[in-house]
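**Q** Structure provided below as structure tokens; questions to follow.
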Amino acid sequence: MSTAEDLPVLGAPVDRVDGPLKVTGQAPYPSDVDLPGQAHAALVQSTIAAGRITDLDTTEAEKAPGVLAVLTHHTVPRLPRGPMTSLGVSPPAPLQDDRIRHHGQHVALVVAESREQATAAARLVRVEYAPADPVLDFDDPRAVSVDDPWGLDSHRGDVDAGLASADVTVDAVYTTPDNTNNPLGLFSTLAAWEGERLTVYDATQWPAMVRETLAEVFGVPEVSVRVLSPFLGGGFGAGLRAWPHVILAVQAARDVGRPVKLVLTRPQMFTSVGHRPKGVQRVRLGATADATLVAIEHHSTSLLAVEDDDYEPFAAGSAVAYACPHVVTADRQVRANVPAPVSMRAPAHAQGNFALESAMDELACALDVDPLELRLRNHADVHPALGLPWSSNALRECYAVGAERFGWSRRPARPRSRRDGHWLVGQGMAGVSYPWYQAPSLARVTVTADGGATVASSGMDIGTGTYTVLTQLCAHLLGLPLEQVRSDLGDSDLPEAPQAGGSGLTSALGSAVADACERLLGALLELVRDDPESPLHGSDPEDVVAAGGGLRRRGDPGRGETYAAILARHGRPQLGADGASTPAQPTELGMALAGAFGAHFAEVRVDEDLGLVRVSRVTTVIDGGRILNEKTARSQVIGGVIGGIGMAVFEDTITDPTTGRIANATFGDYLVPVHADVPDLDVTFVGEPDRASALGVKGVGEVGLVGVAAAIANAVHHATGVRVRSLPITLDALL
Amino acid sequence: MRTFEYVRPDGVPGALAAHAGDAATAFLAGGTTQLDLMKDGVLEPARLVDISRLPMRGSTTTGAALRVGALTTMEELATDPTVERRLPLVREALLLGASVQLRNMATIGGNLLQRTRCRYFRDPAVPACNKRAPGSGCAAVTGPARMHAILGVSERCIALHASDVAVALVALDAVVEIEGPGGARRVPLTEFYLEAGGRPEVEHTLEHGELITGVEIPLPPEGTRSGYLKVRDRVSYEFALTSAAVALLIEDGVVRDARIGLGGVGSTPWRPRAAEAVLSGAPATPEVFREAADAAVAGAWTVPGTEFKVELARRTLVRQLRTVAEVTR
Ligand SMILES: Cc1cc2nc3c(=O)[nH]c(=O)nc-3n(C[C@H](O)[C@H](O)[C@H](O)COP(=O)(O)OP(=O)(O)OC[C@H]3O[C@@H](n4cnc5c(N)ncnc54)[C@H](O)[C@@H]3O)c2cc1C
Ligand code: SF4
């Protein structure tokens with residue numbers, strides 16, 4: 001049988017198969033779904049950051065028009081915390097006691113006939129507090145810290161000796177602020193109970209996890225819970241947990257005996273569904289005069305909620321980014337009365353790479369070598385910690401192609417050497433080694449009587465193009481035109497797939513689909529081989545290919561039959577097969593599992609007097625292994641770069657230092673790039689199919705964001721001579 | 001649910017009568033300020049008097065002035081031929097404001113009366129805000145306050161008047177035309193606004209229930225050059241960190257007439273008369289511009305978050321004076 005290797009059509013820049021649904025407004029995003037008889041809910045949130053509720057008076061709210069129920073810690077039963085997931089603990093169950101752990105914590109939920117009634121009544125809930133003095137920042141002596149939270153701290157060699165042997169060292173501290181994921185789609189949960197059966201339409205990146213969580217929290221079997229998330233208005237990591245508001249909507253639906261819909265407001269999106277936590281990082285680098293790295297030391301401290309966890313090893317990536325004999329990386333988290341952080345697109349790596357790649361630029365300046373040359377000289381030809389060859393690595397090609405496209409060789413070495421009127425023009429670059437991540441996945445592929453096929457999985461399309469690439473993949477493997485393949489995704493009743501996160505879904509789910517296709521073809525082949533009426537009767541499997549909507553003799557396409565004909569003759573309405581994929585093991589393979597690699601080259605213009613920073617050009621080259629769809633993959637990288645521009649020069653969630661209230665929780669005050677801030681982005685893919693993945697795919701959902709902040713910061717330094725080590729880089733720092 | 005009455009009277013007298021100075025009544029024009037604040041629970045009028053269809057829309061040029069009806073939208077005014085020809089600073093201030101969708105709704109009268117963007121003011125859950133709840137204190141002075149004002153402020157309130165076009169209009173000595181139960185009156189825009197230093201809750205001299213019917217903009221002498229510079233983090237769709245509206249009449253290298261408005265810095269659209277005095281009769285040179293800019297920001301009152309604005313405002317004004325005067329380095 002044929003395999004993915006020799007299918008040239010994979011990778012074609014096919015338009016999104018769900019595009020027409022989306023642009024005509026027919027794609028059911030979570031907040032678009034309505035059920036007959038549904039009620040609406042609105043949250044009441046704490047206005048202090050720490051302390052206790054002393055009085056919670058719902059009398060007025062309950063009397064307000066249309067109000068059906070007000071849930072508080074007095075009414076909600078004791079609920080268990082959700083289960084441990086592969087990403088860590090579940091958030092604490094909501095409304096369990098009178099304690100306040102952060103500003104914006106849910107303290108009540110009002111359910112009413114209409115959203116407006118619920119919102120109005122929510123304002124009538126009177127809450128009295130006994131406030132405590134909140135812990136809000138790293139330097140609070142009362143703050144509890146957690147060292148090496150994930151056991152990822154690393155050391156090899158002897159960093160002190162390495163630094164001592166260095167001719168040139170860099171020692172600098174970098175800070176990154178809180179950023180908020182801010183998907184455009186407001187998160188929403190619609191929950192409906194029918195007896196003990198629960199159906200939930202949720203804004204989640206991980207339907208299977210939400211199902212498991214709700215089953216556990218509400219004490220019902222998993223099979224009686226169905227979670228649907230067929231479309232999502234973005235997530236950027238915010239949809240990776242079953243948040244307290246999801247639990248509350250389900251509880252409310254149980255309480256009022258009707259479906260309940262809860263849509264968060266934009267300000268609530270800042271405190272309810274996670275954020276990229278702020279951090280402080282110290283990087284020490286040492287190099288010999290010939291620009292060989294001899295020491296990397298990277299320490300990070302980031303902020304964490306008081307009773308929650310978050311996977312955020314800022315420094316870990318520095319252990320494997322360069323060939324270097326002496327390395328220490330260490331991460332620490334400090335607990336504070338802040339809303340829970342969560343993975344935000346490229347968690348930890350977005351921040352860690354900013355520090356490391358800024359420090360590399362500082363080192364290049366100190367050594368007086370070209371920043372690109374410094375990276376090439378210290379390129380990790382093998383995995384620096386394992387010593388194993390990479391399963392794929394085209395980072396050198398990323399650098400070479402990027403430098404060529406950008407015109408890096410024409411960059412003057414000295415900072416502040418180019419101007420255009422009152423604009424100082426500078427160029428900077430950064431490299432990216434994104435980590436490999438993969439989780440097990442299942443999928444089912446079915447051919448149906450009409451001769452077409454369906455792909456089914458609980459995995460969802462966060463907007464990345466999962467529908468499209470799975471449809472493409474299945475069509476190619478089964479030899480069907482695209483129009484005859486449909487993908488059903490984002491439904492927890494379908495075969496379980498992991499989260500749309502960690503840049504791992506395409507590879508995991510794609511491999512499971514490929515496996516299912518192979519099994520399905522095997523089953524079909526068995527049917528025809530033993531069937532005297534089939535033109536393929538007695539064929540050797542090696543001689544049969546999937547083409548033209550059915551099975552054909554290799555080299556003799558006239559001899560064969562369609563799936564529809566096969567099914568019809570055997571009286572079957574359909575034939576399906578389950579497929580699975582499991583993550584590769586490096587030791588078994590003798591290879592280090594590679595994630596995506598990339599290089600960014602950025603040009604900025606800085607107004608000499610006013611300090612304005614404008615990004616005028618970015619060239620990005622990505623090694624994402626096999627690219628299943630050039631168009632959707634490019635869109636992912638473009639989106640990532642735009643997110644990186646936001647991180648570099650705009651995004652900053654500001655917490656009031658005394659009250660813990662987020663001071664800019666609106667789209668008017670929290671700045672993300674608008675179109676006018678985004679120059680034309682030049683994106684190119686290089687590299688070979690990855691050897692450790694069945695499909696050769698490496699995810700590209702996050703790599704595009706990582707490194708942009710450093711490339712821009714380095715370009716700002718090149719333009720102005722000013723090194724800004726704190727994000728976002730705004731004009732205040734450049735006056 | 002909080003209900004309110006909505007009325008849409010015919011004609012100005014009807015609107016005045018429907019409002020009748022009632023404390024719980026508010027006018028509604030484009031709604032881009034009024035409705036936002038109602039949704040946020042900051043304003044809770046019992047009655048909205050919709051004036052958006054009153055015959056107060058459009059502009060006419062008469063002799064030395066442009067008269068603009070209060071309901072003319074920002075986008076309409078920006079494309080007015082007289083504005084295009086004679087008032088580049090007004091046009092630029094309009095077009096650099098908000099977004100085109102908002103400019104198609106937002107009216108000039110509403111723009112002058114827009115409320116501050118201070119996030120503490122706009123969130124009723126914050127207890128301390130002298131403007132929203134007089135006497136309650138000011139949460140912004142101790143908080144992160146990058147978008148706040150440095151001129152005409154005190155520890156009682158550092159709220160910014162965030163209008164762009166008002167900055168150009170104060171520089172031009174525009175006059176606000178008002179009709180109220182007591183009849184019609186005209187107030188120079190420079191006397192219309194009240195600084196936040198005193199009673200932050202009182203922002204202007206318009207009596208509650210009075211209607212702005214129009215704005216008269218005197219046209220600067222022929223030969224005047226003008227423009228508006230808006231400095232902000234994003235390229236578009238953001239309020240100003242600092243801005244400068246500048247109109248200069250320069251003859252033989254000497255400034256004959258200088259009009260300046262500063263935005264992003266004042267509790268009112270700021271008219272730095274001391275800076276104009278420095279320029280007036282002086283040679284149009286960078287040194288003079290710098291001296292004028294120093295005078296413009298004298299007396300600034302800052303909190304840690306706004307300190308950078310003193311220097312930024314100075315540089316913004318110098319840059320815009322140079323641009324308008326076409327004085328390069
Ligand atoms: C997202 C956003 C971005 C913005 N960006 C900018 C910007 O960059 N620059 C800028 O300058 N502005 C900006 N604005 C503000 C915008 O320009 C104002 O909201 C708008 O001009 C107000 O006009 P309106 O007609 O919508 O007023 P409304 O909201 O209807 O009314 C505003 C106030 O004025 C009163 N009022 C209105 N008309 C009259 C009248 N004729 N007589 C008496 N009282 C009246 C109302 O009662 C109300 O109190 C922005 C607004 C938003 C929402
Ligand atoms: S600056 Fe003015 S508007 Fe803002 S909180 Fe203080 S008093 Fe209120």
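Residue numbering restarts at 1 for every chain of the structure tokens, chains are lettered A, B, ... in their displayed order, and ligands are numbered from 1 as they appear.
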What are the residues of chain A lining chain B at 10 Å or less? Count only C-alpha atoms, and put the answer as a ChimeraX atom specification.
**A** /A:45-48,61,64-67,114,116-124,421-422,609-614,649-650,654-659,661-666,668-669,671-678,729-733,735
**Q** Give as JSON, numbers by chain the residues surrounding ligand 1 up to a distance of 7 Å, considering only C-alpha atoms and all ligand atoms.
**A** {"A": [668], "B": [26, 27, 28, 29, 30, 31, 32, 33, 34, 35, 70, 71, 94, 96, 97, 98, 99, 102, 103, 105, 106, 107, 108, 109, 110, 111, 112, 113, 114, 162, 163, 164, 165, 210, 211, 212, 213, 237, 238, 239, 240]}
**Q** Counting only C-alpha atoms and all ligand atoms, which protein, DNA or RNA residues come within 7 Å of ligand 2, given as an MDAnalysis selection string?
**A** chainID B and resid 116 118:121 128:132 137:141 156:159 200
**Q** So which residues of range 150-343 of chain A fall under strand (DSSP E or B) by DSSP, listed as a compact mmCIF listing (two decimals) with N, CA, C and O atoms, in the first residue's frame?
**A**
# COMPACT_ATOMS: atom_id res chain seq x y z
N SER A 154 18.41 22.15 35.34
CA SER A 154 19.44 21.30 34.75
C SER A 154 20.81 21.89 34.98
O SER A 154 20.97 23.10 35.14
N HIS A 155 21.77 21.03 35.05
CA HIS A 155 23.14 21.52 35.00
C HIS A 155 24.04 20.49 34.36
O HIS A 155 23.83 19.30 34.48
N ARG A 156 24.96 21.00 33.61
CA ARG A 156 26.02 20.14 33.09
C ARG A 156 27.32 20.93 33.14
O ARG A 156 27.31 22.16 33.06
N VAL A 168 35.04 36.83 27.67
CA VAL A 168 33.99 37.85 27.69
C VAL A 168 32.77 37.28 28.38
O VAL A 168 32.40 36.13 28.14
N THR A 169 32.17 38.06 29.27
CA THR A 169 30.94 37.59 29.91
C THR A 169 29.85 38.64 29.78
O THR A 169 30.12 39.83 29.60
N VAL A 170 28.63 38.17 29.89
CA VAL A 170 27.45 39.03 29.94
C VAL A 170 26.67 38.62 31.16
O VAL A 170 26.53 37.42 31.45
N ASP A 171 26.19 39.58 31.91
CA ASP A 171 25.38 39.27 33.10
C ASP A 171 24.26 40.30 33.12
O ASP A 171 24.50 41.48 33.33
N ALA A 172 23.05 39.88 32.83
CA ALA A 172 21.97 40.86 32.70
C ALA A 172 20.65 40.29 33.21
O ALA A 172 20.45 39.08 33.24
N VAL A 173 19.79 41.21 33.61
CA VAL A 173 18.48 40.83 34.13
C VAL A 173 17.41 41.33 33.17
O VAL A 173 17.43 42.48 32.73
N TYR A 174 16.49 40.45 32.82
CA TYR A 174 15.42 40.77 31.87
C TYR A 174 14.08 40.59 32.56
O TYR A 174 13.89 39.63 33.30
N THR A 175 13.16 41.49 32.29
CA THR A 175 11.83 41.32 32.87
C THR A 175 10.77 41.31 31.78
O THR A 175 10.87 42.01 30.77
N THR A 176 9.78 40.46 32.01
CA THR A 176 8.64 40.40 31.10
C THR A 176 7.38 40.55 31.94
O THR A 176 7.30 40.01 33.04
N ASN A 179 1.02 39.08 30.43
CA ASN A 179 0.31 39.28 29.15
C ASN A 179 -0.98 38.50 29.25
O ASN A 179 -1.02 37.46 29.92
N SER A 188 -17.21 31.03 26.68
CA SER A 188 -18.61 30.83 26.96
C SER A 188 -18.86 29.36 27.26
O SER A 188 -18.16 28.49 26.72
N THR A 189 -19.79 29.11 28.15
CA THR A 189 -20.17 27.74 28.48
C THR A 189 -21.70 27.66 28.47
O THR A 189 -22.36 28.49 29.07
N LEU A 190 -22.21 26.67 27.76
CA LEU A 190 -23.65 26.40 27.77
C LEU A 190 -23.81 24.97 28.26
O LEU A 190 -23.32 24.04 27.62
N ALA A 191 -24.45 24.82 29.41
CA ALA A 191 -24.55 23.50 30.03
C ALA A 191 -26.00 23.06 30.11
O ALA A 191 -26.87 23.86 30.47
N ALA A 192 -26.26 21.80 29.80
CA ALA A 192 -27.63 21.28 29.86
C ALA A 192 -27.62 19.87 30.45
O ALA A 192 -26.88 19.00 29.98
N TRP A 193 -28.41 19.69 31.49
CA TRP A 193 -28.57 18.36 32.09
C TRP A 193 -29.86 17.74 31.58
O TRP A 193 -30.88 18.42 31.49
N GLU A 194 -29.80 16.45 31.27
CA GLU A 194 -31.03 15.67 31.09
C GLU A 194 -30.89 14.48 32.00
O GLU A 194 -30.17 13.55 31.67
N ARG A 197 -27.45 12.93 32.44
CA ARG A 197 -26.66 13.18 31.23
C ARG A 197 -26.39 14.67 31.09
O ARG A 197 -27.29 15.49 31.24
N LEU A 198 -25.16 15.00 30.82
CA LEU A 198 -24.76 16.40 30.76
C LEU A 198 -24.16 16.70 29.39
O LEU A 198 -23.28 16.00 28.92
N THR A 199 -24.66 17.75 28.76
CA THR A 199 -24.08 18.22 27.50
C THR A 199 -23.57 19.64 27.71
O THR A 199 -24.30 20.49 28.25
N VAL A 200 -22.36 19.88 27.29
CA VAL A 200 -21.76 21.21 27.51
C VAL A 200 -21.11 21.71 26.23
O VAL A 200 -20.28 21.01 25.63
N TYR A 201 -21.53 22.87 25.79
CA TYR A 201 -20.85 23.55 24.68
C TYR A 201 -19.89 24.53 25.32
O TYR A 201 -20.30 25.48 25.97
N ASP A 202 -18.61 24.27 25.15
CA ASP A 202 -17.64 25.04 25.92
C ASP A 202 -16.54 25.59 25.03
O ASP A 202 -16.14 24.96 24.06
N VAL A 225 -21.27 12.34 29.96
CA VAL A 225 -20.93 13.75 29.75
C VAL A 225 -20.45 13.93 28.31
O VAL A 225 -19.63 13.16 27.82
N ARG A 226 -21.01 14.91 27.66
CA ARG A 226 -20.56 15.22 26.30
C ARG A 226 -20.15 16.69 26.23
O ARG A 226 -20.92 17.57 26.61
N VAL A 227 -18.95 16.93 25.75
CA VAL A 227 -18.43 18.30 25.65
C VAL A 227 -18.15 18.61 24.19
O VAL A 227 -17.46 17.85 23.51
N LEU A 228 -18.70 19.71 23.73
CA LEU A 228 -18.57 20.08 22.32
C LEU A 228 -17.85 21.41 22.17
O LEU A 228 -18.20 22.40 22.83
N VAL A 260 -28.12 26.41 31.03
CA VAL A 260 -27.63 27.73 31.45
C VAL A 260 -26.44 28.12 30.58
O VAL A 260 -25.54 27.33 30.36
N LYS A 261 -26.49 29.35 30.11
CA LYS A 261 -25.42 29.87 29.26
C LYS A 261 -24.70 31.01 29.98
O LYS A 261 -25.34 31.94 30.48
N LEU A 262 -23.41 30.90 30.01
CA LEU A 262 -22.59 31.94 30.65
C LEU A 262 -21.53 32.41 29.65
O LEU A 262 -20.73 31.62 29.18
N VAL A 263 -21.58 33.68 29.31
CA VAL A 263 -20.56 34.26 28.43
C VAL A 263 -19.77 35.28 29.24
O VAL A 263 -20.36 36.19 29.83
N ARG A 276 -0.31 34.91 30.65
CA ARG A 276 1.14 34.62 30.65
C ARG A 276 1.74 35.37 31.84
O ARG A 276 1.62 36.60 31.92
N GLY A 279 7.69 37.73 34.76
CA GLY A 279 8.87 37.06 35.27
C GLY A 279 10.10 37.94 35.26
O GLY A 279 10.15 38.98 34.59
N VAL A 280 11.07 37.54 36.06
CA VAL A 280 12.37 38.19 36.10
C VAL A 280 13.41 37.11 35.80
O VAL A 280 13.35 36.03 36.38
N GLN A 281 14.29 37.39 34.89
CA GLN A 281 15.28 36.38 34.52
C GLN A 281 16.68 36.98 34.55
O GLN A 281 16.90 38.09 34.08
N ARG A 282 17.59 36.20 35.11
CA ARG A 282 18.99 36.62 35.06
C ARG A 282 19.75 35.64 34.19
O ARG A 282 19.65 34.43 34.38
N VAL A 283 20.47 36.17 33.23
CA VAL A 283 21.25 35.33 32.33
C VAL A 283 22.71 35.73 32.42
O VAL A 283 23.05 36.92 32.35
N ARG A 284 23.55 34.73 32.63
CA ARG A 284 25.00 34.96 32.55
C ARG A 284 25.55 34.09 31.44
O ARG A 284 25.29 32.90 31.39
N LEU A 285 26.30 34.71 30.55
CA LEU A 285 26.92 33.97 29.45
C LEU A 285 28.42 34.21 29.50
O LEU A 285 28.87 35.30 29.86
N GLY A 286 29.15 33.20 29.11
CA GLY A 286 30.59 33.37 28.99
C GLY A 286 31.05 32.81 27.66
O GLY A 286 30.53 31.78 27.20
N ALA A 287 32.00 33.50 27.01
CA ALA A 287 32.53 33.01 25.74
C ALA A 287 34.02 33.30 25.67
O ALA A 287 34.51 34.26 26.28
N LEU A 293 30.89 29.67 23.07
CA LEU A 293 30.21 29.73 24.37
C LEU A 293 30.85 28.73 25.32
O LEU A 293 31.01 27.56 24.97
N VAL A 294 31.17 29.18 26.51
CA VAL A 294 31.68 28.24 27.50
C VAL A 294 30.79 28.17 28.73
O VAL A 294 30.96 27.27 29.56
N ALA A 295 29.84 29.07 28.87
CA ALA A 295 28.94 29.00 30.03
C ALA A 295 27.61 29.67 29.73
O ALA A 295 27.57 30.73 29.10
N ILE A 296 26.54 29.00 30.15
CA ILE A 296 25.20 29.60 30.12
C ILE A 296 24.59 29.37 31.49
O ILE A 296 24.48 28.23 31.94
N GLU A 297 24.20 30.45 32.13
CA GLU A 297 23.48 30.31 33.39
C GLU A 297 22.20 31.12 33.27
O GLU A 297 22.24 32.30 32.94
N HIS A 298 21.08 30.49 33.51
CA HIS A 298 19.79 31.15 33.29
C HIS A 298 18.88 30.84 34.49
O HIS A 298 18.52 29.70 34.71
N HIS A 299 18.56 31.87 35.24
CA HIS A 299 17.66 31.72 36.39
C HIS A 299 16.38 32.50 36.12
O HIS A 299 16.44 33.64 35.65
N SER A 300 15.25 31.93 36.47
CA SER A 300 14.01 32.70 36.29
C SER A 300 13.15 32.63 37.54
O SER A 300 13.21 31.66 38.30
N THR A 301 12.40 33.69 37.74
CA THR A 301 11.37 33.71 38.78
C THR A 301 10.11 34.22 38.11
O THR A 301 10.13 35.25 37.44
N SER A 302 9.02 33.49 38.28
CA SER A 302 7.76 33.97 37.70
C SER A 302 6.67 33.89 38.75
O SER A 302 6.82 33.24 39.79
N LEU A 303 5.58 34.56 38.46
CA LEU A 303 4.51 34.69 39.43
C LEU A 303 3.46 33.59 39.24
O LEU A 303 3.14 33.22 38.11
N LEU A 304 2.94 33.12 40.34
CA LEU A 304 1.99 32.01 40.35
C LEU A 304 0.85 32.36 41.30
O LEU A 304 1.03 33.12 42.23
N ALA A 305 -0.32 31.77 41.06
CA ALA A 305 -1.44 32.00 41.97
C ALA A 305 -1.20 31.26 43.29
O ALA A 305 -0.39 30.34 43.35
N VAL A 327 26.50 24.51 31.78
CA VAL A 327 25.15 25.10 31.73
C VAL A 327 24.42 24.88 33.05
O VAL A 327 24.47 23.78 33.62
N VAL A 328 23.77 25.92 33.52
CA VAL A 328 22.82 25.79 34.62
C VAL A 328 21.53 26.49 34.22
O VAL A 328 21.57 27.63 33.74
N THR A 329 20.41 25.82 34.39
CA THR A 329 19.12 26.51 34.25
C THR A 329 18.31 26.22 35.50
O THR A 329 18.33 25.09 36.00
N ALA A 330 17.64 27.22 36.02
CA ALA A 330 16.86 27.02 37.24
C ALA A 330 15.64 27.93 37.22
O ALA A 330 15.74 29.10 36.86
N ASP A 331 14.50 27.36 37.56
CA ASP A 331 13.26 28.11 37.58
C ASP A 331 12.65 28.10 38.97
O ASP A 331 12.76 27.13 39.70
N ARG A 332 12.01 29.21 39.28
CA ARG A 332 11.39 29.36 40.58
C ARG A 332 10.06 30.07 40.37
O ARG A 332 9.94 30.91 39.46
N GLN A 333 9.08 29.73 41.14
CA GLN A 333 7.80 30.45 41.06
C GLN A 333 7.47 31.03 42.42
O GLN A 333 7.78 30.42 43.45
N VAL A 334 6.83 32.18 42.40
CA VAL A 334 6.47 32.86 43.64
C VAL A 334 4.95 33.00 43.67
O VAL A 334 4.34 33.47 42.70
N ARG A 335 4.37 32.57 44.77
CA ARG A 335 2.90 32.60 44.87
C ARG A 335 2.41 33.98 45.28
O ARG A 335 2.97 34.59 46.19
N ALA A 336 1.40 34.46 44.61
CA ALA A 336 0.87 35.79 44.92
C ALA A 336 -0.64 35.78 44.74
O ALA A 336 -1.21 34.86 44.15
**Q** In Å, with one decimal, what is the gap from CA of Thr620 in chain A to CA of His379 in chain A?
**A**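 Between CA of Thr620 in chain A and CA of His379 in chain A the gap works out to 18.1 Å.
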**Q** Give me, please, the distance in Å between CA of Tyr437 in chain A and CA of Leu695 in chain A, quoted to one decimal.
**A**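 Separation between CA of Tyr437 in chain A and CA of Leu695 in chain A: 14.6 Å.
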**Q** If you count only C-alpha atoms, which residues fall within 12 Å of range 21-24 of chain A, apart from same-chain ones fewer than 3 positions away, as a list in words?
**A** Arg16, Val17, Asp18, Ala27, Pro28, Tyr29, Pro230, Phe231, Leu232, Gly233 and Gly463 of chain A
**Q** Assign secondary structure with DSSP using the backbone only, and return the residues of range 476-650 of chain A in alpha helix (DSSP H) as a PyMOL selection string.
**A** chain A and resi 476-478+505-529+563-569+586-589+630-649
**Q** Nearest to Glu203 in chain B: which of B:Glu191, B:Asp50, B:Glu75, B:Asp22 is it, counting only C-alpha atoms?
**A** B:Glu191
**Q** Which residues come within 10 Å of Ala277 in chain B, counting only C-alpha atoms, excluding same-chain residues fewer than 2 positions away, as an mmCIF file with C-alpha atoms, in the first residue's frame?
**A**
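Output contents, as saved in selection-v5.cif:
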data_model
loop_
_atom_site.group_PDB
_atom_site.id
_atom_site.type_symbol
_atom_site.label_atom_id
_atom_site.label_comp_id
_atom_site.auth_asym_id
_atom_site.auth_seq_id
_atom_site.Cartn_x
_atom_site.Cartn_y
_atom_site.Cartn_z
ATOM 1 C CA ASP B 257 0.914 84.367 15.145
ATOM 2 C CA ALA B 258 1.238 81.152 17.130
ATOM 3 C CA ARG B 259 -1.574 78.960 18.322
ATOM 4 C CA PRO B 272 -0.202 76.739 26.657
ATOM 5 C CA ARG B 273 -0.379 80.486 26.344
ATOM 6 C CA ALA B 274 3.063 80.958 27.861
ATOM 7 C CA ALA B 275 4.513 78.976 24.982
ATOM 8 C CA LEU B 279 6.959 82.329 20.041
ATOM 9 C CA SER B 280 5.094 85.452 19.230
ATOM 10 C CA GLY B 281 7.409 87.911 17.459
ATOM 11 C CA ALA B 282 10.385 85.567 17.866
ATOM 12 C CA ALA B 292 8.435 77.634 24.053
ATOM 13 C CA ALA B 295 7.227 77.140 28.965
#
**Q** Do a neighbour search on Val107 in chain A at 8 Å with only C-alpha atoms, toss out local chain neighbours closer than 4 positions, and write the hits as a JSON list (two decimals) with N, CA, C and O atoms, in the first residue's frame.
**A**
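Okay, around-v3.json is ready:
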[["chain", "number", "residue", "atom", "x", "y", "z"],
["A", 43, "LEU", "N", -21.55, 36.64, 36.21],
["A", 43, "LEU", "CA", -20.66, 36.46, 37.36],
["A", 43, "LEU", "C", -20.58, 37.72, 38.22],
["A", 43, "LEU", "O", -20.62, 38.84, 37.70],
["A", 44, "VAL", "N", -20.41, 37.50, 39.49],
["A", 44, "VAL", "CA", -20.02, 38.58, 40.40],
["A", 44, "VAL", "C", -18.60, 38.25, 40.83],
["A", 44, "VAL", "O", -18.31, 37.11, 41.21],
["A", 45, "GLN", "N", -17.70, 39.23, 40.75],
["A", 45, "GLN", "CA", -16.31, 38.95, 41.07],
["A", 45, "GLN", "C", -15.82, 39.81, 42.23],
["A", 45, "GLN", "O", -16.29, 40.93, 42.43],
["A", 46, "SER", "N", -14.85, 39.25, 42.92],
["A", 46, "SER", "CA", -14.31, 39.92, 44.09],
["A", 46, "SER", "C", -13.63, 41.24, 43.73],
["A", 46, "SER", "O", -12.98, 41.35, 42.70],
["A", 72, "THR", "N", -23.90, 31.08, 45.47],
["A", 72, "THR", "CA", -22.81, 31.63, 46.29],
["A", 72, "THR", "C", -22.15, 30.46, 47.03],
["A", 72, "THR", "O", -22.59, 29.32, 46.89],
["A", 73, "HIS", "N", -21.16, 30.78, 47.84],
["A", 73, "HIS", "CA", -20.52, 29.68, 48.58],
["A", 73, "HIS", "C", -21.47, 29.10, 49.62],
["A", 73, "HIS", "O", -21.21, 28.04, 50.16],
["A", 95, "LEU", "N", -16.52, 28.79, 44.51],
["A", 95, "LEU", "CA", -17.54, 29.04, 45.52],
["A", 95, "LEU", "C", -17.59, 27.95, 46.59],
["A", 95, "LEU", "O", -18.64, 27.42, 46.91]]
**Q** What is the distance between CA of Asp255 in chain A and CA of Leu494 in chain A, in Å to one decimal?
**A**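 The value is 28.4 Å.
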